[in-house]
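S.K.: So I've got this file, final_4.txt, and it contains compact mmCIF, C-alpha atoms:
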```txt
# COMPACT_ATOMS: atom_id res chain seq x y z
CA MET V 1 16.77 -6.34 15.08
CA LYS V 2 17.24 -2.77 16.25
CA VAL V 3 14.61 -0.83 18.14
CA LEU V 4 15.10 2.91 18.04
CA GLN V 5 14.51 4.89 21.22
CA THR V 6 15.57 2.05 23.50
CA GLN V 7 18.67 1.21 21.43
CA ARG V 8 18.21 -2.51 21.95
CA THR V 9 19.74 -4.69 19.29
CA TYR V 10 18.78 -8.27 18.54
CA ASN V 11 20.10 -10.75 16.07
CA THR V 12 17.40 -11.74 13.59
CA SER V 13 18.23 -15.44 13.77
CA PRO V 14 15.65 -16.37 16.47
CA LEU V 15 13.03 -16.47 13.70
CA PRO V 16 14.20 -19.56 11.83
CA ASN V 17 10.90 -20.31 10.13
CA LEU V 18 10.89 -17.02 8.31
CA VAL V 19 14.30 -17.10 6.66
CA LYS V 20 16.17 -19.46 4.41
CA HIS V 21 19.36 -19.07 6.35
CA GLU V 22 20.80 -17.18 9.27
CA ASN V 23 21.54 -13.65 8.22
CA LYS V 24 23.99 -11.58 10.22
CA VAL V 25 24.18 -8.73 7.74
CA ASN V 26 20.61 -7.52 7.33
CA HIS V 27 18.76 -6.08 10.28
CA ALA V 28 15.21 -4.96 10.85
CA THR V 29 14.78 -1.63 12.60
CA ILE V 30 11.67 -0.44 14.40
CA ASN V 31 11.17 3.24 15.13
CA THR V 32 8.87 3.30 18.15
CA GLY V 33 8.37 7.07 18.05
CA ASP V 34 8.33 9.33 21.07
CA GLY V 35 4.94 8.32 22.45
CA ASN V 36 3.19 11.34 20.98
CA PRO V 37 0.57 10.93 18.24
CA ASN V 38 2.09 10.86 14.77
CA PRO V 39 -0.44 12.30 12.29
CA SER V 40 1.38 10.81 9.31
CA VAL V 41 1.15 7.24 10.61
CA ILE V 42 -1.94 5.14 11.39
CA PHE V 43 -0.76 2.25 13.60
CA GLY V 44 2.44 1.66 11.59
CA GLN V 45 4.26 2.49 8.40
CA ALA V 46 6.72 0.73 6.11
CA THR V 47 9.28 3.52 6.06
CA ALA V 48 12.12 1.92 4.09
CA PRO V 49 13.50 -1.55 3.41
CA GLY V 50 14.16 -2.99 6.87
CA LEU V 51 12.65 -0.01 8.69
CA ASN V 52 9.09 0.39 10.00
CA THR V 53 7.67 3.17 12.14
CA LEU V 54 5.09 2.60 14.87
CA ASP V 55 2.58 4.97 16.45
CA PHE V 56 1.87 3.59 19.89
CA SER V 57 -0.78 6.22 20.61
CA ASP V 58 -2.80 4.45 17.87
CA ILE V 59 -1.75 0.90 18.67
CA LYS V 60 -2.78 1.03 22.33
CA LEU V 61 -6.36 1.85 21.27
CA LEU V 62 -6.71 -1.72 20.02
CA ASP V 63 -6.37 -2.97 23.59
CA ALA V 64 -8.98 -0.76 25.22
CA PRO V 65 -10.93 -2.67 27.93
CA SER V 66 -14.13 -2.39 25.86
CA ASN V 67 -12.39 -3.81 22.83
CA LYS V 68 -11.86 -7.49 23.51
CA GLY V 69 -11.18 -9.91 20.68
CA GLY V 70 -10.01 -9.40 17.13
CA ASN V 71 -6.80 -7.68 16.29
CA THR V 72 -4.64 -6.55 19.21
CA GLY V 73 -1.86 -4.05 19.68
CA SER V 74 0.63 -6.88 20.02
CA ARG V 75 -0.40 -8.37 16.72
CA VAL V 76 -0.07 -5.04 14.94
CA VAL V 77 3.40 -4.58 16.44
CA LEU V 78 4.29 -8.06 15.20
CA HIS V 79 2.89 -7.21 11.77
CA GLU V 80 5.12 -4.15 11.52
CA THR V 81 8.16 -5.84 13.02
CA LEU V 82 7.97 -8.88 10.76
CA GLU V 83 7.32 -6.65 7.77
CA ALA V 84 10.54 -4.78 8.55
CA TYR V 85 12.28 -8.09 9.01
CA TYR V 86 11.05 -9.36 5.64
CA THR V 87 12.09 -6.20 3.82
CA SER V 88 15.53 -6.35 5.41
CA GLN V 89 16.13 -9.55 3.44
CA PRO V 90 17.49 -9.31 -0.11
CA ASP V 91 14.58 -11.31 -1.52
CA TYR V 92 12.05 -8.84 -0.21
CA SER V 93 13.94 -5.55 -0.17
CA THR V 94 12.22 -4.35 -3.34
CA ASN V 95 8.79 -5.52 -2.33
CA ALA V 96 7.21 -4.10 0.80
CA LEU V 97 3.84 -5.03 -0.67
CA LEU V 98 4.72 -8.71 -0.78
CA ALA V 99 6.00 -8.48 2.79
CA HIS V 100 2.75 -6.79 3.87
CA ASN V 101 0.67 -9.53 2.25
CA GLU V 102 2.78 -12.40 3.57
CA VAL V 103 2.88 -11.07 7.14
CA GLY V 104 -0.82 -10.20 6.93
CA LYS V 105 -1.69 -13.88 6.63
CA ILE V 106 -0.46 -14.36 10.20
CA PHE V 107 -0.77 -10.93 11.80
CA PRO V 108 -3.27 -8.89 9.80
CA GLY V 109 -3.18 -5.21 9.07
CA TYR V 110 -6.30 -3.34 7.95
CA ASP V 111 -8.09 -2.60 4.69
CA PHE V 112 -10.02 0.65 4.62
CA VAL V 113 -13.55 0.58 3.23
CA LEU V 114 -13.87 2.96 0.31
CA ASN V 115 -16.44 5.76 0.66
CA SER V 116 -17.01 5.10 4.36
CA ILE V 117 -15.99 8.44 5.90
CA GLN V 118 -18.75 9.89 8.10
CA TYR V 119 -18.46 13.17 9.98
CA GLY V 120 -19.45 13.48 13.61
CA ALA V 121 -22.20 15.80 14.77
CA THR V 122 -21.94 19.51 14.13
CA ASP V 123 -21.78 21.49 17.39
CA ALA V 124 -23.59 24.71 18.25
CA ASN V 125 -20.80 26.74 16.66
CA GLY V 126 -21.08 24.85 13.39
CA ASN V 127 -17.86 22.90 13.98
CA VAL V 128 -17.15 19.20 13.51
CA SER V 129 -14.72 17.53 15.90
CA GLY V 130 -13.90 14.46 13.83
CA PHE V 131 -15.02 11.61 11.62
CA THR V 132 -15.18 7.83 11.40
CA PHE V 133 -13.78 5.46 8.83
CA ASP V 134 -14.69 1.76 8.49
CA ALA V 135 -12.02 -0.91 8.11
CA PHE V 136 -11.77 -4.68 7.94
CA GLU V 137 -8.91 -6.77 9.16
CA GLN V 138 -6.73 -7.78 6.25
CA ASN V 139 -8.24 -10.84 4.50
CA ASN V 140 -11.13 -11.08 6.97
CA LEU V 141 -14.53 -9.63 6.10
CA ASN V 142 -15.89 -10.91 9.42
CA ALA V 143 -13.69 -8.58 11.43
CA LYS V 144 -14.92 -5.03 11.04
CA SER V 145 -13.74 -2.02 13.03
CA VAL V 146 -14.84 1.58 13.07
CA LEU V 147 -11.94 3.99 13.47
CA THR V 148 -12.67 7.41 14.94
CA PHE V 149 -10.39 10.31 14.08
CA LYS V 150 -10.36 13.67 15.88
CA PHE V 151 -9.31 16.85 14.14
CA VAL V 152 -6.45 18.60 15.93
CA THR V 153 -8.79 21.61 16.07
CA PRO V 154 -12.55 21.45 15.38
CA VAL V 155 -13.31 22.43 11.79
CA PRO V 156 -16.30 24.41 10.47
CA ARG V 157 -18.58 21.94 8.69
CA THR V 158 -18.78 24.30 5.75
CA ALA V 159 -15.01 24.05 5.27
CA LEU V 160 -15.04 20.28 4.92
CA PRO V 161 -15.55 18.35 1.68
CA THR V 162 -18.75 16.38 1.30
CA GLU V 163 -18.58 12.93 2.86
CA SER V 164 -18.69 11.24 -0.54
CA SER V 165 -15.67 13.19 -1.74
CA ALA V 166 -13.83 13.20 1.61
CA ARG V 167 -10.43 11.53 1.69
CA LEU V 168 -7.87 11.43 4.46
CA GLY V 169 -5.57 13.33 2.12
CA ASN V 170 -7.86 16.34 1.82
CA MET V 171 -8.78 16.67 5.51
CA PRO V 172 -7.30 19.02 8.10
CA SER V 173 -4.80 17.43 10.48
CA PHE V 174 -6.24 14.63 12.63
CA ASN V 175 -5.28 11.80 14.96
CA LEU V 176 -6.82 8.40 15.58
CA SER V 177 -8.76 8.59 18.85
CA GLU V 178 -10.77 5.37 19.07
CA VAL V 179 -10.98 1.92 17.55
CA LYS V 180 -14.28 0.13 17.98
CA LYS V 181 -14.30 -3.51 16.99
CA ILE V 182 -17.70 -4.63 15.75
CA PRO V 183 -18.54 -8.15 16.98
CA MET K 1 7.18 -10.66 -34.44
CA ARG K 2 5.40 -9.13 -31.45
CA LEU K 3 8.73 -8.55 -29.72
CA ALA K 4 10.11 -6.88 -32.83
CA ILE K 5 7.15 -4.52 -32.88
CA LEU K 6 7.73 -3.61 -29.25
CA PHE K 7 11.37 -2.82 -29.96
CA VAL K 8 10.29 -0.46 -32.70
CA LEU K 9 7.80 1.19 -30.39
CA PHE K 10 10.20 1.80 -27.53
CA PRO K 11 13.73 2.17 -28.84
CA LEU K 12 14.68 5.43 -27.14
CA LEU K 13 13.01 5.42 -23.77
CA PRO K 14 15.20 5.57 -20.66
CA GLY K 15 16.03 2.27 -19.04
CA SER K 16 14.04 0.74 -16.22
CA SER K 17 15.58 0.25 -12.81
CA PRO K 18 18.15 -2.56 -12.68
CA ARG K 19 16.34 -3.78 -9.55
CA CYS K 20 13.27 -4.50 -11.66
CA GLY K 21 15.27 -6.23 -14.39
CA ASP K 22 17.02 -8.64 -12.02
CA LYS K 23 16.55 -12.15 -13.42
CA ASP K 24 15.15 -13.89 -10.34
CA GLY K 25 13.04 -10.92 -9.32
CA LEU K 26 11.61 -10.60 -12.81
CA LYS K 27 10.83 -14.30 -12.99
CA HIS K 28 8.91 -14.00 -9.75
CA LEU K 29 7.13 -10.86 -10.95
CA VAL K 30 6.11 -12.42 -14.26
CA SER K 31 4.82 -15.60 -12.65
CA ARG K 32 2.81 -13.79 -9.95
CA SER K 33 1.22 -11.26 -12.30
CA GLU K 34 -2.16 -12.18 -13.73
CA ILE K 35 -1.86 -9.50 -16.38
CA ILE K 36 1.19 -7.96 -18.03
CA ALA K 37 0.42 -5.15 -20.43
CA LEU K 38 1.80 -2.10 -22.12
CA ALA K 39 -0.49 0.82 -21.46
CA GLU K 40 -0.55 4.56 -21.91
CA ILE K 41 -1.46 6.80 -18.99
CA MET K 42 -4.70 8.71 -19.54
CA THR K 43 -5.29 10.18 -16.09
CA VAL K 44 -3.61 10.10 -12.69
CA GLU K 45 -5.97 10.58 -9.75
CA SER K 46 -4.91 12.50 -6.67
CA PRO K 47 -3.81 10.23 -3.81
CA PRO K 48 -7.05 9.30 -2.02
CA LEU K 49 -5.67 8.79 1.46
CA GLY K 50 -2.66 11.06 1.54
CA LEU K 51 -0.71 8.62 3.68
CA TRP K 52 2.09 6.16 3.09
CA SER K 53 1.22 2.47 3.26
CA GLY K 54 1.69 0.71 6.53
CA THR K 55 -0.66 -1.32 8.67
CA ILE K 56 -3.22 0.10 6.27
CA GLU K 57 -2.26 -0.11 2.61
CA THR K 58 -2.78 3.06 0.59
CA LYS K 59 -2.95 3.37 -3.17
CA GLN K 60 -3.17 5.97 -5.91
CA TYR K 61 -5.23 5.17 -8.99
CA VAL K 62 -4.17 5.60 -12.61
CA THR K 63 -6.32 5.08 -15.70
CA TYR K 64 -4.60 3.57 -18.73
CA LYS K 65 -5.36 2.89 -22.36
CA VAL K 66 -4.10 -0.64 -22.99
CA LYS K 67 -1.88 -0.93 -26.06
CA ASN K 68 -0.64 -4.48 -25.91
CA ILE K 69 -1.31 -7.42 -23.59
CA LEU K 70 1.61 -9.76 -23.02
CA LYS K 71 -0.04 -11.99 -20.41
CA GLY K 72 -3.63 -12.58 -19.35
CA SER K 73 -6.72 -10.96 -20.81
CA LEU K 74 -8.80 -7.84 -20.26
CA THR K 75 -12.37 -7.14 -21.26
CA ASP K 76 -11.83 -3.43 -21.68
CA SER K 77 -9.14 -1.41 -23.42
CA THR K 78 -9.31 1.16 -20.62
CA ILE K 79 -8.29 0.05 -17.14
CA LYS K 80 -7.87 1.66 -13.75
CA VAL K 81 -4.98 0.36 -11.66
CA GLY K 82 -4.23 1.02 -8.00
CA HIS K 83 -0.54 1.55 -7.31
CA GLN K 84 0.51 1.11 -3.67
CA LEU K 85 2.26 3.98 -1.95
CA TYR K 86 5.14 2.43 -0.04
CA ARG K 87 7.57 5.04 1.16
CA ASN K 88 10.99 4.85 -0.53
CA SER K 89 9.78 2.37 -3.12
CA LEU K 90 10.82 2.93 -6.74
CA SER K 91 7.44 4.10 -8.03
CA VAL K 92 6.72 6.89 -5.54
CA ASP K 93 7.66 10.49 -4.95
CA GLN K 94 10.62 10.98 -2.62
CA GLU K 95 8.80 13.45 -0.39
CA LYS K 96 5.02 13.25 -0.47
CA PRO K 97 2.82 10.15 -0.28
CA ARG K 98 2.05 10.04 -4.00
CA LEU K 99 3.26 8.30 -7.14
CA SER K 100 6.37 9.60 -8.86
CA PRO K 101 5.15 12.52 -10.99
CA SER K 102 7.83 11.89 -13.60
CA LEU K 103 7.01 8.20 -14.04
CA PHE K 104 3.23 8.60 -13.81
CA ARG K 105 2.66 11.40 -16.29
CA GLN K 106 -0.17 11.59 -18.77
CA GLY K 107 0.97 10.16 -22.10
CA ASN K 108 3.72 7.94 -20.66
CA THR K 109 3.56 4.30 -21.71
CA LEU K 110 4.44 1.84 -18.95
CA LEU K 111 4.84 -1.89 -18.69
CA LEU K 112 2.33 -2.98 -16.06
CA PHE K 113 2.51 -6.07 -13.86
CA ILE K 114 -0.90 -6.39 -12.22
CA VAL K 115 -3.18 -8.68 -10.27
CA SER K 116 -6.81 -8.41 -9.23
CA LYS K 117 -7.63 -7.79 -5.58
CA ARG K 118 -10.82 -7.78 -3.55
CA THR K 119 -12.14 -4.39 -2.43
CA VAL K 120 -14.91 -3.35 -0.08
CA SER K 121 -16.84 -0.13 -0.55
CA LYS K 122 -19.73 1.35 1.39
CA GLU K 123 -23.01 2.06 -0.36
CA GLN K 124 -25.24 5.02 0.44
CA ASN K 125 -27.69 2.75 2.24
CA GLY K 126 -24.93 1.63 4.60
CA THR K 127 -24.37 -1.79 3.09
CA TYR K 128 -21.01 -3.00 1.87
CA ARG K 129 -20.28 -3.96 -1.69
CA ILE K 130 -17.50 -6.38 -2.44
CA GLY K 131 -15.77 -5.87 -5.73
CA GLU K 132 -12.47 -6.35 -7.46
CA GLU K 133 -9.84 -3.94 -8.62
CA LEU K 134 -6.57 -4.16 -10.49
CA VAL K 135 -3.47 -3.39 -8.45
CA SER K 136 0.28 -3.56 -8.94
CA THR K 137 1.83 -6.95 -8.33
CA ASN K 138 4.85 -5.26 -6.81
CA ALA K 139 5.15 -1.85 -5.15
CA ASP K 140 8.49 -1.18 -6.83
CA CYS K 141 8.23 -2.82 -10.20
CA GLY K 142 4.50 -2.96 -10.90
CA ALA K 143 4.79 -0.15 -13.44
CA VAL K 144 8.08 0.42 -15.22
CA VAL K 145 9.45 2.09 -18.30
CA PRO K 146 9.42 -0.60 -21.00
CA ASP K 147 12.97 -0.59 -22.31
CA THR K 148 13.92 -3.11 -24.96
CA ASP K 149 16.08 -5.20 -22.65
CA LEU K 150 13.31 -5.58 -20.10
CA LEU K 151 10.73 -6.42 -22.75
CA LYS K 152 13.03 -9.04 -24.21
CA LYS K 153 13.50 -10.66 -20.79
CA VAL K 154 9.76 -10.67 -20.14
CA GLU K 155 9.04 -12.20 -23.54
CA GLU K 156 11.66 -14.88 -22.92
CA LEU K 157 10.16 -15.73 -19.54
CA LEU K 158 6.66 -15.91 -20.99
CA SER K 159 7.70 -18.07 -23.91
CA SER K 160 9.68 -20.46 -21.72
CA LYS K 161 6.55 -21.60 -19.88
```
Go ahead and render the structure in this file as structure tokens.

M.R.:
Amino acid sequence: MKVLQTQRTYNTSPLPNLVKHENKVNHATINTGDGNPNPSVIFGQATAPGLNTLDFSDIKLLDAPSNKGGNTGSRVVLHETLEAYYTSQPDYSTNALLAHNEVGKIFPGYDFVLNSIQYGATDANGNVSGFTFDAFEQNNLNAKSVLTFKFVTPVPRTALPTESSARLGNMPSFNLSEVKKIP
Amino acid sequence: MRLAILFVLFPLLPGSSPRCGDKDGLKHLVSRSEIIALAEIMTVESPPLGLWSGTIETKQYVTYKVKNILKGSLTDSTIKVGHQLYRNSLSVDQEKPRLSPSLFRQGNTLLLFIVSKRTVSKEQNGTYRIGEELVSTNADCGAVVPDTDLLKKVEELLSSK
């Protein structure tokens, strides 16, 4: 398993329960980023077969002191790492979705709640600094989190779509700033 | 007879990816899919999240008119299917987090391999509503061009059960 940035390389064989046989050809690679927020990634991304990208500025929010219990940064890293490992194998190389679902049974990702975007308060200048989005841990409706995103620059409320039509894809650039796990 | 009709319907379309026609992969895909259907694209929605799938799975929704059901059953002849946006998978654009515009074009008929999946949406009163939606069984091969060779293999797998 190769970790970009630190250039450490591991053989994938120490995970015997996850493979049918030792595989010295296929390797999982994790791009750990440069430590800066990556607006195109929330926690992690399946970038290509055998390659996942992490955003540690997002992941570390899961381990905030006020955020005990539930999903942790370590578990999300394991989710992404095992997903890359699965998709590095011939049986899974054409199916990142299957890898996501299989790994999610052990180390869950998140499912966004449709229509749950809510803008923050509008300031005296008529600008909004960010919004929240609800999510549940994969396969677990008892584990809700509220994710707070901050716009890179505050945006006039009048320039934003209505909350009911708001989608991450039609918002100005933003970064994840807080994860609040709801007990 | 049904297979013969399908061959007449799709004799000249370009072939599907060899990766999706692989015998073992196709067997797995057929067995895992609750519904296999030929359907014509009516509308392609814009990508709702604008991000590639990762820790959070993202999808783009397509509405189809169902022409022929090979496996399973549907109550409506019009269905909406969520196709996952996994970067570098066979069904997506090479650059932007969206479905391949050439594959998912209004009027195209695709062979769909789909399953139902639980969804959660937020109501205006703040409560959550749990529902179900149809999604691709496989991020690469959940929607493919139905060439005659692929259709023949699928029919053979379905009839061998």

S.K.: Which is closest to V:Ile59 among V:Ile106, V:Leu168, V:Leu82, V:Leu147, if we use only C-alpha atoms?

M.R.: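 Looking at the shortest contact to V:Ile59, the residue is V:Leu147.
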
S.K.: Provide as an MDAnalysis selection string the residues of chain V at most 8 Å from chain K, counting all atoms listed in the file.

M.R.: chainID V and resid 40:49 76 79:80 91 94:98 109:116 167:170

S.K.: Mind giving me the axis-aligned box for stretch 83-93 of chain K with 5 Å on every side, centre plus edges in Å to one decimal, as JSON?

M.R.:
```
{"center_x": 5.2, "center_y": 5.8, "center_z": -3.4, "size_x": 21.5, "size_y": 19.4, "size_z": 19.2}
```

S.K.: Of the residues V:Ala84, V:Val152, V:Ile117, V:Val128, which is the one nearest to V:Glu102, using all atoms listed in the file?

M.R.: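 Looking at the shortest contact to V:Glu102, the residue is V:Ala84.
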
S.K.: Please compute the atom CA of K:Glu156-atom CA of K:Asn108 distance, one decimal, in Å.

M.R.: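 These two atoms are separated by 24.3 Å.
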